file structure.pdb (PDB, C-alpha atoms and all ligand atoms)
ATOM      1  CA  MET A 246       0.000   0.000   0.000
ATOM      2  CA  ALA A 247       1.326   3.492  -0.872
ATOM      3  CA  ALA A 248       2.328   5.839   1.953
ATOM      4  CA  ARG A 249      -0.647   7.627   3.484
ATOM      5  CA  LEU A 250      -1.074  10.722   5.616
ATOM      6  CA  ALA A 251      -3.479  11.296   8.505
ATOM      7  CA  ALA A 252      -3.668  14.365  10.728
ATOM      8  CA  VAL A 253      -5.413  16.030  13.628
ATOM      9  CA  ILE A 254      -7.060  19.415  13.051
ATOM     10  CA  GLY A 255      -7.847  21.662  16.008
ATOM     11  CA  SER A 256      -6.684  24.734  17.848
ATOM     12  CA  PRO A 257      -4.596  24.618  19.893
ATOM     13  CA  VAL A 258      -2.921  21.334  18.932
ATOM     14  CA  THR A 259       0.653  22.043  20.007
ATOM     15  CA  HIS A 260       0.364  19.758  23.028
ATOM     16  CA  SER A 261      -1.891  17.167  21.393
ATOM     17  CA  LEU A 262      -1.036  13.563  22.240
ATOM     18  CA  SER A 263      -2.678  12.363  19.025
ATOM     19  CA  PRO A 264       0.485  12.340  16.867
ATOM     20  CA  ALA A 265       2.343  10.153  19.391
ATOM     21  CA  ILE A 266      -0.634   7.841  19.873
ATOM     22  CA  HIS A 267      -1.399   7.392  16.174
ATOM     23  CA  ARG A 268       2.231   7.062  15.083
ATOM     24  CA  ALA A 269       2.658   4.280  17.640
ATOM     25  CA  ALA A 270      -0.444   2.548  16.293
ATOM     26  CA  PHE A 271       0.664   2.793  12.659
ATOM     27  CA  ALA A 272       4.139   1.500  13.562
ATOM     28  CA  ALA A 273       2.676  -1.422  15.514
ATOM     29  CA  ALA A 274       0.322  -2.234  12.618
ATOM     30  CA  GLY A 275       3.285  -2.188  10.216
ATOM     31  CA  VAL A 276       1.673   0.254   7.771
ATOM     32  CA  ASP A 277       3.354   3.157   5.991
ATOM     33  CA  TRP A 278       1.192   5.965   7.389
ATOM     34  CA  SER A 279       2.387   9.307   8.754
ATOM     35  CA  TYR A 280       0.445  11.502  11.178
ATOM     36  CA  VAL A 281       0.832  15.234  11.802
ATOM     37  CA  ALA A 282      -0.951  17.996  13.725
ATOM     38  CA  PHE A 283      -2.416  20.975  11.845
ATOM     39  CA  ASP A 284      -3.378  24.046  13.858
ATOM     40  CA  VAL A 285      -6.613  25.079  12.156
ATOM     41  CA  ALA A 286      -8.178  28.252  13.525
ATOM     42  CA  ASP A 287     -11.850  28.518  14.435
ATOM     43  CA  GLY A 288     -13.803  29.171  11.225
ATOM     44  CA  GLU A 289     -11.246  27.424   8.992
ATOM     45  CA  ALA A 290     -12.543  23.843   9.151
ATOM     46  CA  GLU A 291     -14.099  24.026   5.679
ATOM     47  CA  ALA A 292     -10.741  25.021   4.180
ATOM     48  CA  ALA A 293      -9.123  22.120   6.059
ATOM     49  CA  LEU A 294     -11.626  19.630   4.617
ATOM     50  CA  ASP A 295     -11.056  21.094   1.132
ATOM     51  CA  ALA A 296      -7.334  20.561   1.701
ATOM     52  CA  MET A 297      -8.024  16.983   2.777
ATOM     53  CA  ARG A 298      -9.790  16.379  -0.541
ATOM     54  CA  THR A 299      -7.185  18.215  -2.624
ATOM     55  CA  LEU A 300      -4.114  16.734  -0.972
ATOM     56  CA  GLY A 301      -5.519  13.231  -0.659
ATOM     57  CA  ILE A 302      -5.158  13.105   3.134
ATOM     58  CA  ALA A 303      -6.505   9.709   4.140
ATOM     59  CA  GLY A 304      -7.888  10.462   7.597
ATOM     60  CA  LEU A 305      -8.483  13.271  10.041
ATOM     61  CA  SER A 306      -8.920  13.398  13.774
ATOM     62  CA  VAL A 307     -11.038  16.424  14.652
ATOM     63  CA  THR A 308     -10.806  18.223  17.956
ATOM     64  CA  MET A 309     -11.861  21.508  19.534
ATOM     65  CA  PRO A 310     -13.247  23.791  18.174
ATOM     66  CA  HIS A 311     -14.286  21.976  14.980
ATOM     67  CA  LYS A 312     -16.314  18.913  15.978
ATOM     68  CA  THR A 313     -19.753  20.422  15.409
ATOM     69  CA  VAL A 314     -19.012  22.324  12.203
ATOM     70  CA  VAL A 315     -17.269  19.334  10.603
ATOM     71  CA  SER A 316     -20.480  17.340  11.117
ATOM     72  CA  GLN A 317     -22.114  19.854   8.750
ATOM     73  CA  LEU A 318     -19.316  19.761   6.159
ATOM     74  CA  VAL A 319     -18.720  16.060   5.445
ATOM     75  CA  ASP A 320     -20.686  14.115   2.835
ATOM     76  CA  ARG A 321     -22.000  11.452   5.206
ATOM     77  CA  LEU A 322     -22.200  10.761   8.963
ATOM     78  CA  ASP A 323     -22.113   7.503  10.881
ATOM     79  CA  ALA A 324     -24.972   6.855  13.296
ATOM     80  CA  ALA A 325     -23.270   8.226  16.417
ATOM     81  CA  ALA A 326     -22.091  11.388  14.640
ATOM     82  CA  LEU A 327     -25.604  11.887  13.302
ATOM     83  CA  ARG A 328     -27.145  11.614  16.779
ATOM     84  CA  LEU A 329     -24.521  13.846  18.387
ATOM     85  CA  LYS A 330     -24.102  16.315  15.493
ATOM     86  CA  SER A 331     -20.408  15.999  16.234
ATOM     87  CA  VAL A 332     -17.488  14.453  14.342
ATOM     88  CA  ASN A 333     -14.089  13.493  15.751
ATOM     89  CA  THR A 334     -13.016  11.337  12.786
ATOM     90  CA  VAL A 335     -13.066  11.869   9.027
ATOM     91  CA  SER A 336     -12.386   9.024   6.635
ATOM     92  CA  ARG A 337     -12.704   8.629   2.873
ATOM     93  CA  ASP A 338     -15.090   6.444   0.927
ATOM     94  CA  GLY A 339     -13.999   7.042  -2.652
ATOM     95  CA  ALA A 340     -14.572  10.748  -3.222
ATOM     96  CA  ALA A 341     -16.885  11.083  -0.206
ATOM     97  CA  LEU A 342     -15.763  12.273   3.221
ATOM     98  CA  VAL A 343     -17.384  10.320   6.049
ATOM     99  CA  GLY A 344     -17.703  11.720   9.594
ATOM    100  CA  SER A 345     -17.718   9.472  12.645
ATOM    101  CA  SER A 346     -17.813   9.974  16.392
ATOM    102  CA  THR A 347     -15.681   7.548  18.404
ATOM    103  CA  ASP A 348     -15.457   9.456  21.705
ATOM    104  CA  GLY A 349     -18.333   7.771  23.524
ATOM    105  CA  ALA A 350     -17.466   4.273  22.327
ATOM    106  CA  GLY A 351     -13.860   4.996  23.301
ATOM    107  CA  PHE A 352     -14.959   5.821  26.830
ATOM    108  CA  VAL A 353     -17.009   2.626  27.123
ATOM    109  CA  ALA A 354     -14.029   0.639  25.774
ATOM    110  CA  SER A 355     -11.766   2.226  28.403
ATOM    111  CA  LEU A 356     -14.159   1.129  31.155
ATOM    112  CA  ASP A 357     -14.351  -2.331  29.637
ATOM    113  CA  GLU A 358     -10.545  -2.525  29.619
ATOM    114  CA  ALA A 359     -10.597  -1.596  33.325
ATOM    115  CA  GLY A 360     -13.067  -4.444  33.963
ATOM    116  CA  VAL A 361     -16.054  -2.135  34.501
ATOM    117  CA  ASP A 362     -19.338  -3.352  33.019
ATOM    118  CA  VAL A 363     -21.678  -0.513  32.056
ATOM    119  CA  ASP A 364     -24.576  -2.810  31.155
ATOM    120  CA  GLY A 365     -27.217  -2.261  33.837
ATOM    121  CA  ALA A 366     -25.128   0.423  35.542
ATOM    122  CA  LYS A 367     -26.311   3.689  37.064
ATOM    123  CA  VAL A 368     -24.022   6.541  36.043
ATOM    124  CA  ALA A 369     -23.575  10.120  37.251
ATOM    125  CA  ILE A 370     -21.857  12.447  34.787
ATOM    126  CA  ILE A 371     -20.565  15.842  35.888
ATOM    127  CA  GLY A 372     -20.584  18.160  32.871
ATOM    128  CA  ALA A 373     -22.838  18.373  29.847
ATOM    129  CA  GLY A 374     -20.578  19.527  27.000
ATOM    130  CA  GLY A 375     -19.603  17.653  23.866
ATOM    131  CA  ALA A 376     -17.653  14.968  25.713
ATOM    132  CA  ALA A 377     -20.466  14.369  28.213
ATOM    133  CA  ARG A 378     -23.002  14.045  25.394
ATOM    134  CA  SER A 379     -20.885  11.400  23.665
ATOM    135  CA  LEU A 380     -20.734   9.487  26.970
ATOM    136  CA  VAL A 381     -24.488   9.675  27.515
ATOM    137  CA  ASP A 382     -25.152   8.349  24.022
ATOM    138  CA  ALA A 383     -22.645   5.494  24.221
ATOM    139  CA  LEU A 384     -23.495   4.482  27.802
ATOM    140  CA  ALA A 385     -27.209   4.297  27.035
ATOM    141  CA  ARG A 386     -26.521   2.152  23.971
ATOM    142  CA  ALA A 387     -24.239  -0.093  26.014
ATOM    143  CA  GLY A 388     -27.054  -0.737  28.508
ATOM    144  CA  SER A 389     -26.678   1.808  31.315
ATOM    145  CA  ILE A 390     -30.086   2.068  32.913
ATOM    146  CA  ASP A 391     -29.902   5.432  34.659
ATOM    147  CA  ILE A 392     -27.717   8.404  33.720
ATOM    148  CA  VAL A 393     -27.912  11.567  35.820
ATOM    149  CA  ILE A 394     -26.240  14.683  34.487
ATOM    150  CA  LEU A 395     -24.973  17.369  36.839
ATOM    151  CA  ASN A 396     -23.985  20.649  35.237
ATOM    152  CA  ARG A 397     -22.889  24.044  36.537
ATOM    153  CA  THR A 398     -25.399  25.618  34.144
ATOM    154  CA  PRO A 399     -28.411  23.290  34.261
ATOM    155  CA  ALA A 400     -29.973  24.841  31.136
ATOM    156  CA  ASN A 401     -26.928  23.711  29.118
ATOM    157  CA  ALA A 402     -27.693  20.066  29.933
ATOM    158  CA  ALA A 403     -30.880  19.921  27.833
ATOM    159  CA  ASP A 404     -29.202  18.411  24.757
ATOM    160  CA  ALA A 405     -27.488  15.724  26.834
ATOM    161  CA  VAL A 406     -30.720  14.787  28.618
ATOM    162  CA  ALA A 407     -32.596  14.656  25.296
ATOM    163  CA  LEU A 408     -30.268  11.982  23.886
ATOM    164  CA  THR A 409     -31.901   9.079  25.727
ATOM    165  CA  PRO A 410     -34.914   8.377  27.965
ATOM    166  CA  VAL A 411     -32.592   6.980  30.667
ATOM    167  CA  ALA A 412     -30.879  10.376  31.108
ATOM    168  CA  SER A 413     -32.093  13.071  33.483
ATOM    169  CA  LEU A 414     -30.874  16.260  35.083
ATOM    170  CA  GLY A 415     -29.546  15.526  38.541
ATOM    171  CA  ALA A 416     -28.049  17.109  41.640
ATOM    172  CA  LEU A 417     -25.122  16.348  43.953
ATOM    173  CA  SER A 418     -27.446  14.230  46.100
ATOM    174  CA  ASP A 419     -27.669  11.763  43.177
ATOM    175  CA  ILE A 420     -23.967  10.919  43.249
ATOM    176  CA  GLY A 421     -24.334   8.434  46.084
ATOM    177  CA  ARG A 422     -26.707   6.158  44.150
ATOM    178  CA  ALA A 423     -24.498   5.892  41.054
ATOM    179  CA  ASP A 424     -22.323   2.870  40.307
ATOM    180  CA  ILE A 425     -20.038   4.976  38.127
ATOM    181  CA  VAL A 426     -19.232   8.689  38.631
ATOM    182  CA  VAL A 427     -17.564  10.566  35.757
ATOM    183  CA  ASN A 428     -15.914  13.974  35.525
ATOM    184  CA  ALA A 429     -16.646  15.301  32.017
ATOM    185  CA  THR A 430     -15.555  18.868  32.777
ATOM    186  CA  SER A 431     -12.062  20.334  32.534
ATOM    187  CA  ILE A 432     -11.877  20.747  36.335
ATOM    188  CA  GLY A 433      -8.692  19.149  37.624
ATOM    189  CA  MET A 434      -6.663  19.806  34.485
ATOM    190  CA  GLY A 435      -3.131  21.138  34.818
ATOM    191  CA  GLU A 436      -1.314  22.314  37.899
ATOM    192  CA  ASN A 437      -4.228  23.980  39.687
ATOM    193  CA  GLY A 438      -6.218  20.816  40.298
ATOM    194  CA  GLY A 439      -9.657  21.137  41.810
ATOM    195  CA  PHE A 440     -12.555  18.775  42.466
ATOM    196  CA  PRO A 441     -15.618  18.498  40.216
ATOM    197  CA  CYS A 442     -17.492  17.236  43.286
ATOM    198  CA  ASP A 443     -16.610  16.721  46.930
ATOM    199  CA  PRO A 444     -14.898  13.296  47.233
ATOM    200  CA  SER A 445     -16.654  12.746  50.570
ATOM    201  CA  LEU A 446     -19.737  11.918  48.449
ATOM    202  CA  PHE A 447     -18.072   8.721  47.171
ATOM    203  CA  ARG A 448     -18.837   5.220  48.410
ATOM    204  CA  GLU A 449     -16.077   2.612  48.244
ATOM    205  CA  THR A 450     -18.079   0.399  45.871
ATOM    206  CA  GLN A 451     -18.169   3.087  43.200
ATOM    207  CA  VAL A 452     -16.078   3.431  40.056
ATOM    208  CA  VAL A 453     -14.792   6.969  39.569
ATOM    209  CA  ALA A 454     -13.653   7.980  36.072
ATOM    210  CA  ASP A 455     -12.048  11.225  34.965
ATOM    211  CA  LEU A 456     -11.876  12.431  31.344
ATOM    212  CA  VAL A 457      -8.981  14.696  32.321
ATOM    213  CA  TYR A 458      -5.636  12.997  31.607
ATOM    214  CA  HIS A 459      -3.198  15.810  32.406
ATOM    215  CA  PRO A 460      -2.244  15.021  35.090
ATOM    216  CA  LEU A 461      -2.829  11.335  34.515
ATOM    217  CA  GLU A 462      -3.927  10.857  38.105
ATOM    218  CA  THR A 463      -5.958  13.903  39.029
ATOM    219  CA  GLN A 464      -6.374  14.993  42.645
ATOM    220  CA  TRP A 465     -10.003  13.897  42.329
ATOM    221  CA  LEU A 466      -8.994  10.343  41.306
ATOM    222  CA  THR A 467      -6.435  10.227  44.121
ATOM    223  CA  ALA A 468      -9.123  11.229  46.611
ATOM    224  CA  ALA A 469     -11.495   8.599  45.172
ATOM    225  CA  ALA A 470      -8.825   5.893  45.446
ATOM    226  CA  GLU A 471      -8.190   6.903  49.077
ATOM    227  CA  ARG A 472     -11.877   6.248  49.728
ATOM    228  CA  GLY A 473     -11.554   2.763  48.258
ATOM    229  CA  CYS A 474     -13.119   3.495  44.859
ATOM    230  CA  ARG A 475     -11.887   1.906  41.660
ATOM    231  CA  THR A 476     -10.566   4.667  39.390
ATOM    232  CA  VAL A 477     -10.254   5.014  35.617
ATOM    233  CA  ASP A 478      -8.111   7.783  34.139
ATOM    234  CA  GLY A 479      -8.871   9.843  31.031
ATOM    235  CA  LEU A 480      -6.004   8.461  28.958
ATOM    236  CA  GLY A 481      -7.951   5.244  28.444
ATOM    237  CA  MET A 482     -10.691   7.120  26.592
ATOM    238  CA  LEU A 483      -8.160   9.077  24.550
ATOM    239  CA  VAL A 484      -6.385   5.883  23.487
ATOM    240  CA  HIS A 485      -9.551   3.940  22.721
ATOM    241  CA  GLN A 486     -11.257   6.696  20.725
ATOM    242  CA  ALA A 487      -8.005   6.834  18.703
ATOM    243  CA  ALA A 488      -7.969   3.041  18.344
ATOM    244  CA  LEU A 489     -11.474   3.208  16.880
ATOM    245  CA  GLN A 490     -10.253   5.886  14.454
ATOM    246  CA  GLN A 491      -7.437   3.543  13.424
ATOM    247  CA  GLN A 492      -9.964   0.773  12.840
ATOM    248  CA  ILE A 493     -11.996   3.075  10.581
ATOM    249  CA  TRP A 494      -8.938   4.141   8.562
ATOM    250  CA  LEU A 495      -7.162   0.775   8.348
ATOM    251  CA  GLY A 496     -10.203  -1.497   8.213
ATOM    252  CA  ASP A 497     -11.795  -4.087  10.475
ATOM    253  CA  GLU A 498      -9.054  -6.640   9.898
ATOM    254  CA  ALA A 499      -6.277  -4.371  11.223
ATOM    255  CA  VAL A 500      -4.920  -5.278  14.660
ATOM    256  CA  ILE A 501      -4.686  -2.129  16.786
ATOM    257  CA  ASP A 502      -2.090  -2.160  19.574
ATOM    258  CA  THR A 503      -3.689  -0.046  22.315
ATOM    259  CA  ALA A 504      -0.883  -0.888  24.762
ATOM    260  CA  ALA A 505       1.690   0.640  22.394
ATOM    261  CA  MET A 506      -0.572   3.658  21.914
ATOM    262  CA  ARG A 507      -0.932   4.205  25.652
ATOM    263  CA  ALA A 508       2.808   3.760  26.246
ATOM    264  CA  ALA A 509       3.530   6.414  23.603
ATOM    265  CA  ALA A 510       1.128   8.851  25.260
ATOM    266  CA  GLU A 511       2.538   8.175  28.720
ATOM    267  CA  ALA A 512       6.052   8.839  27.406
ATOM    268  CA  VAL A 513       4.953  12.275  26.177
ATOM    269  CA  LEU A 514       3.126  13.050  29.445
ATOM    270  CA  ALA A 515       6.290  12.143  31.374
ATOM    271  CA  LEU A 516       8.359  14.746  29.498
ATOM    272  CA  PRO A 517       9.058  17.993  31.367
ATOM    273  CA  ALA A 518       6.499  20.702  30.452
TER     274      ALA A 518
HETATM  275  P1  LIG B 601     -17.151  21.571  26.590
HETATM  276  O1  LIG B 601     -18.048  21.159  25.478
HETATM  277  O2  LIG B 601     -16.559  22.936  26.579
HETATM  278  O3  LIG B 601     -17.971  21.375  27.972
HETATM  279  C1  LIG B 601     -17.398  21.740  29.178
HETATM  280  C2  LIG B 601     -18.299  21.278  30.316
HETATM  281  O4  LIG B 601     -17.594  21.486  31.546
HETATM  282  C3  LIG B 601     -19.583  22.053  30.428
HETATM  283  O5  LIG B 601     -20.570  21.192  30.929
HETATM  284  C4  LIG B 601     -19.230  23.134  31.447
HETATM  285  O6  LIG B 601     -20.372  23.595  32.174
HETATM  286  C5  LIG B 601     -18.340  22.376  32.374
HETATM  287  N1  LIG B 601     -17.377  23.237  33.067
HETATM  288  C6  LIG B 601     -16.297  23.849  32.539
HETATM  289  N2  LIG B 601     -15.637  24.535  33.479
HETATM  290  C7  LIG B 601     -16.327  24.358  34.639
HETATM  291  C8  LIG B 601     -16.146  24.808  35.974
HETATM  292  N3  LIG B 601     -15.111  25.601  36.312
HETATM  293  N4  LIG B 601     -17.042  24.418  36.907
HETATM  294  C9  LIG B 601     -18.074  23.615  36.588
HETATM  295  N5  LIG B 601     -18.304  23.154  35.330
HETATM  296  C10 LIG B 601     -17.436  23.530  34.379
HETATM  297  O7  LIG B 601     -15.900  20.577  26.711
HETATM  298  P2  LIG B 601     -15.864  19.024  26.335
HETATM  299  O8  LIG B 601     -15.411  18.875  24.948
HETATM  300  O9  LIG B 601     -17.138  18.400  26.769
HETATM  301  O10 LIG B 601     -14.653  18.514  27.255
HETATM  302  C11 LIG B 601     -14.803  18.383  28.663
HETATM  303  C12 LIG B 601     -13.532  17.774  29.268
HETATM  304  O11 LIG B 601     -13.340  16.458  28.748
HETATM  305  C13 LIG B 601     -12.247  18.539  28.911
HETATM  306  O12 LIG B 601     -11.403  18.503  30.019
HETATM  307  C14 LIG B 601     -11.646  17.723  27.779
HETATM  308  O13 LIG B 601     -10.243  17.860  27.691
HETATM  309  C15 LIG B 601     -12.030  16.322  28.246
HETATM  310  N6  LIG B 601     -12.061  15.350  27.155
HETATM  311  C16 LIG B 601     -11.318  14.237  27.314
HETATM  312  C17 LIG B 601     -11.347  13.272  26.337
HETATM  313  C18 LIG B 601     -10.522  12.030  26.518
HETATM  314  O14 LIG B 601     -10.328  11.304  25.551
HETATM  315  N7  LIG B 601     -10.070  11.735  27.731
HETATM  316  C19 LIG B 601     -12.130  13.446  25.188
HETATM  317  C20 LIG B 601     -12.886  14.606  25.064
HETATM  318  C21 LIG B 601     -12.843  15.559  26.060
HETATM  319  P3  LIG B 601     -21.280  24.822  31.658
HETATM  320  O15 LIG B 601     -22.308  24.251  30.745
HETATM  321  O16 LIG B 601     -21.851  25.355  32.917
HETATM  322  O17 LIG B 601     -20.360  25.786  30.959
END
call {"tool": "encode", "arguments": {"input": "structure.pdb", "output": "structure tokens"}}
result
Amino acid sequence: MAARLAAVIGSPVTHSLSPAIHRAAFAAAGVDWSYVAFDVADGEAEAALDAMRTLGIAGLSVTMPHKTVVSQLVDRLDAAALRLKSVNTVSRDGAALVGSSTDGAGFVASLDEAGVDVDGAKVAIIGAGGAARSLVDALARAGSIDIVILNRTPANAADAVALTPVASLGALSDIGRADIVVNATSIGMGENGGFPCDPSLFRETQVVADLVYHPLETQWLTAAAERGCRTVDGLGMLVHQAALQQQIWLGDEAVIDTAAMRAAAEAVLALPA
């Protein structure tokens, strides 16, 4: 197969882990693909997709701030992207550009890898943005029976609640009855830390998952572990949504090495800032 190019488009992308993760996956799969990061400013996604067509770029990862607008620019959407009106992956089908959304399925796969079964589970999600919506959609499809959404601005949670009949707007008092508690906000990112909810609300039988992966173990996850909870970090979702992108680009028969992908990301995270 001739050499191919894939890329992430977003802004900012300077610190994106996607190049390291995808290069590791292509190397492990033994295919001659390269992967680069393109900083594409807000409002320039259409030009980036035109460039994809013109230059013959084989695949795109799409990140902030372009996920919604790209869902309006591609020729076709997969079912999840259609429901979420959000695209994190672009692939080619002949001349057509196809948009997919692998975030939610990536999160469920990361829980599965950690031995957490979401089928029949009650879940509390803190946050209601694009990431939270992808979780709600994927968790409901994977069999979660009750999903409460807690958001700083309750009115912003309407789209997330509308995705499935098992979702509802909740309050902090709902955290105790969840089997799985998820932080889908940016609270806890970077040096400043911070808790999306008070860890004293946790019970030791709960699974606590954070979408934040920088730092890999957030203060919130540390506090949950100290209370006896099983914890799942945000790098698992990042790796598995990328693995699903690889599967789309390389085909169902390709073997995707998620351990190599995670190791590559951890190596970058371990570098001095
Ligand atoms: P988004 O669409 O901008 O949504 C942000 C959400 O966080 C909103 O619900 C917002 O509430 C809430 N929020 C932000 N700052 C807050 C604060 N100080 N206090 C309380 N709530 C706050 O962002 P997103 O795309 O959903 O991403 C959310 C997080 O997930 C980010 O940290 C992102 O890096 C992470 N993420 C991780 C992965 C992964 O693979 N691990 C994938 C995607 C995203 P309001 O509605 O009140 O503004």
call {"tool": "residues_near_ligand", "arguments": {"input": "structure.pdb", "ligand": "ligand LIG 601 (chain B)", "cutoff": "6 Å", "atoms": "all atoms listed in the file", "output": "list in words"}}
result
Gly372, Ala373, Gly374, Gly375, Ala376, Ala377, Asn396, Arg397, Thr398, Asn401, Ala429, Thr430, Ser431, Ile432, Leu456, Val457, Gly479, Leu480, Met482 and Leu483 of chain A
call {"tool": "residues_around", "arguments": {"input": "structure.pdb", "residues": "Ala251 of chain A", "least_positions_apart": "5", "cutoff": "6 Å", "atoms": "all atoms listed in the file", "output": "list in words"}}
result
Tyr280, Ile302, Ala303, Gly304 and Leu305 of chain A
call {"tool": "write_last_selection", "arguments": {"input": "structure.pdb", "atoms": "C-alpha atoms", "output": "CSV table (one decimal), in the frame of the given file"}}
result
chain,number,residue,atom,x,y,z
A,280,TYR,CA,0.4,11.5,11.2
A,302,ILE,CA,-5.2,13.1,3.1
A,303,ALA,CA,-6.5,9.7,4.1
A,304,GLY,CA,-7.9,10.5,7.6
A,305,LEU,CA,-8.5,13.3,10.0
call {"tool": "resolve_selection", "arguments": {"input": "structure.pdb", "expression": "the PyMOL selection byres (((chain A and resi 443) around 10) and not hetatm)", "output": "PDB file with C-alpha atoms, in the coordinates of the input"}}
result
ATOM      1  CA  LEU A 417     -25.122  16.348  43.953  1.00  0.00           C
ATOM      2  CA  GLY A 439      -9.657  21.137  41.810  1.00  0.00           C
ATOM      3  CA  PHE A 440     -12.555  18.775  42.466  1.00  0.00           C
ATOM      4  CA  PRO A 441     -15.618  18.498  40.216  1.00  0.00           C
ATOM      5  CA  CYS A 442     -17.492  17.236  43.286  1.00  0.00           C
ATOM      6  CA  PRO A 444     -14.898  13.296  47.233  1.00  0.00           C
ATOM      7  CA  SER A 445     -16.654  12.746  50.570  1.00  0.00           C
ATOM      8  CA  LEU A 446     -19.737  11.918  48.449  1.00  0.00           C
ATOM      9  CA  PHE A 447     -18.072   8.721  47.171  1.00  0.00           C
ATOM     10  CA  TRP A 465     -10.003  13.897  42.329  1.00  0.00           C
ATOM     11  CA  ALA A 468      -9.123  11.229  46.611  1.00  0.00           C
ATOM     12  CA  ALA A 469     -11.495   8.599  45.172  1.00  0.00           C
TER      13      ALA A 469
END
call {"tool": "atom_distance", "arguments": {"input": "structure.pdb", "atom1": "atom CA of Ala290 of chain A", "atom2": "atom CA of His485 of chain A"}}
result
24.3 Å
call {"tool": "closest_residue", "arguments": {"input": "structure.pdb", "among": "A:Leu327, A:Ile370, A:Ala515, A:Ala286", "to": "Pro460 of chain A", "atoms": "only C-alpha atoms"}}
result
A:Ala515
call {"tool": "residues_near_point", "arguments": {"input": "structure.pdb", "point": "(-30.6, 16.0, 43.9)", "cutoff": "12 Å", "atoms": "all atoms listed in the file", "output": "PDB file with C-alpha atoms, in the frame of the given file"}}
result
ATOM      1  CA  ALA A 369     -23.575  10.120  37.251  1.00  0.00           C
ATOM      2  CA  VAL A 393     -27.912  11.567  35.820  1.00  0.00           C
ATOM      3  CA  ILE A 394     -26.240  14.683  34.487  1.00  0.00           C
ATOM      4  CA  LEU A 395     -24.973  17.369  36.839  1.00  0.00           C
ATOM      5  CA  ASN A 396     -23.985  20.649  35.237  1.00  0.00           C
ATOM      6  CA  SER A 413     -32.093  13.071  33.483  1.00  0.00           C
ATOM      7  CA  LEU A 414     -30.874  16.260  35.083  1.00  0.00           C
ATOM      8  CA  GLY A 415     -29.546  15.526  38.541  1.00  0.00           C
ATOM      9  CA  ALA A 416     -28.049  17.109  41.640  1.00  0.00           C
ATOM     10  CA  LEU A 417     -25.122  16.348  43.953  1.00  0.00           C
ATOM     11  CA  SER A 418     -27.446  14.230  46.100  1.00  0.00           C
ATOM     12  CA  ASP A 419     -27.669  11.763  43.177  1.00  0.00           C
ATOM     13  CA  ILE A 420     -23.967  10.919  43.249  1.00  0.00           C
ATOM     14  CA  GLY A 421     -24.334   8.434  46.084  1.00  0.00           C
ATOM     15  CA  ARG A 422     -26.707   6.158  44.150  1.00  0.00           C
TER      16      ARG A 422
END
call {"tool": "closest_residue", "arguments": {"input": "structure.pdb", "among": "A:Val477, A:Met506, A:Leu329, A:Val285", "to": "Pro310 of chain A", "atoms": "only C-alpha atoms"}}
result
A:Val285
call {"tool": "closest_residue", "arguments": {"input": "structure.pdb", "among": "A:Ala326, A:Ala340, A:Ala274, A:Ala510", "to": "Met297 of chain A", "atoms": "all atoms listed in the file"}}
result
A:Ala340
call {"tool": "residues_near_point", "arguments": {"input": "structure.pdb", "point": "(-5.3, 7.7, 20.5)", "cutoff": "7 Å", "atoms": "all atoms listed in the file", "output": "PyMOL selection string"}}
result
chain A and resi 263+266-267+483-488+506
call {"tool": "residues_around", "arguments": {"input": "structure.pdb", "residues": "segment 359-364 of chain A", "least_positions_apart": "2", "cutoff": "6 Å", "atoms": "only C-alpha atoms", "output": "PyMOL selection string"}}
result
chain A and resi 356-357+366+387-389
call {"tool": "write_last_selection", "arguments": {"input": "structure.pdb", "atoms": "C-alpha atoms", "output": "CSV table (one decimal), keeping the file's coordinate frame"}}
result
chain,number,residue,atom,x,y,z
A,356,LEU,CA,-14.2,1.1,31.2
A,357,ASP,CA,-14.4,-2.3,29.6
A,366,ALA,CA,-25.1,0.4,35.5
A,387,ALA,CA,-24.2,-0.1,26.0
A,388,GLY,CA,-27.1,-0.7,28.5
A,389,SER,CA,-26.7,1.8,31.3
call {"tool": "atom_distance", "arguments": {"input": "structure.pdb", "atom1": "atom CA of Glu511 of chain A", "atom2": "atom CA of Phe352 of chain A"}}
result
17.8 Å
call {"tool": "residues_around", "arguments": {"input": "structure.pdb", "residues": "Val335 of chain A", "least_positions_apart": "2", "cutoff": "10 Å", "atoms": "all atoms listed in the file", "output": "list in words"}}
result
Ala251, Ala252, Val253, Leu294, Met297, Ile302, Ala303, Gly304, Leu305, Ser306, Val307, Val315, Ser316, Val319, Arg321, Leu322, Val332, Asn333, Arg337, Asp338, Leu342, Val343, Gly344, Ser345, Ser346, Gln490, Ile493 and Trp494 of chain A
call {"tool": "decode", "arguments": {"input": "structure.pdb", "residues": "segment 255-266 of chain A", "atoms": "C-alpha atoms", "output": "PDB file, in the first residue's frame"}}
result
ATOM      1  CA  GLY A 255      -7.847  21.662  16.008  1.00  0.00           C
ATOM      2  CA  SER A 256      -6.684  24.734  17.848  1.00  0.00           C
ATOM      3  CA  PRO A 257      -4.596  24.618  19.893  1.00  0.00           C
ATOM      4  CA  VAL A 258      -2.921  21.334  18.932  1.00  0.00           C
ATOM      5  CA  THR A 259       0.653  22.043  20.007  1.00  0.00           C
ATOM      6  CA  HIS A 260       0.364  19.758  23.028  1.00  0.00           C
ATOM      7  CA  SER A 261      -1.891  17.167  21.393  1.00  0.00           C
ATOM      8  CA  LEU A 262      -1.036  13.563  22.240  1.00  0.00           C
ATOM      9  CA  SER A 263      -2.678  12.363  19.025  1.00  0.00           C
ATOM     10  CA  PRO A 264       0.485  12.340  16.867  1.00  0.00           C
ATOM     11  CA  ALA A 265       2.343  10.153  19.391  1.00  0.00           C
ATOM     12  CA  ILE A 266      -0.634   7.841  19.873  1.00  0.00           C
TER      13      ILE A 266
END
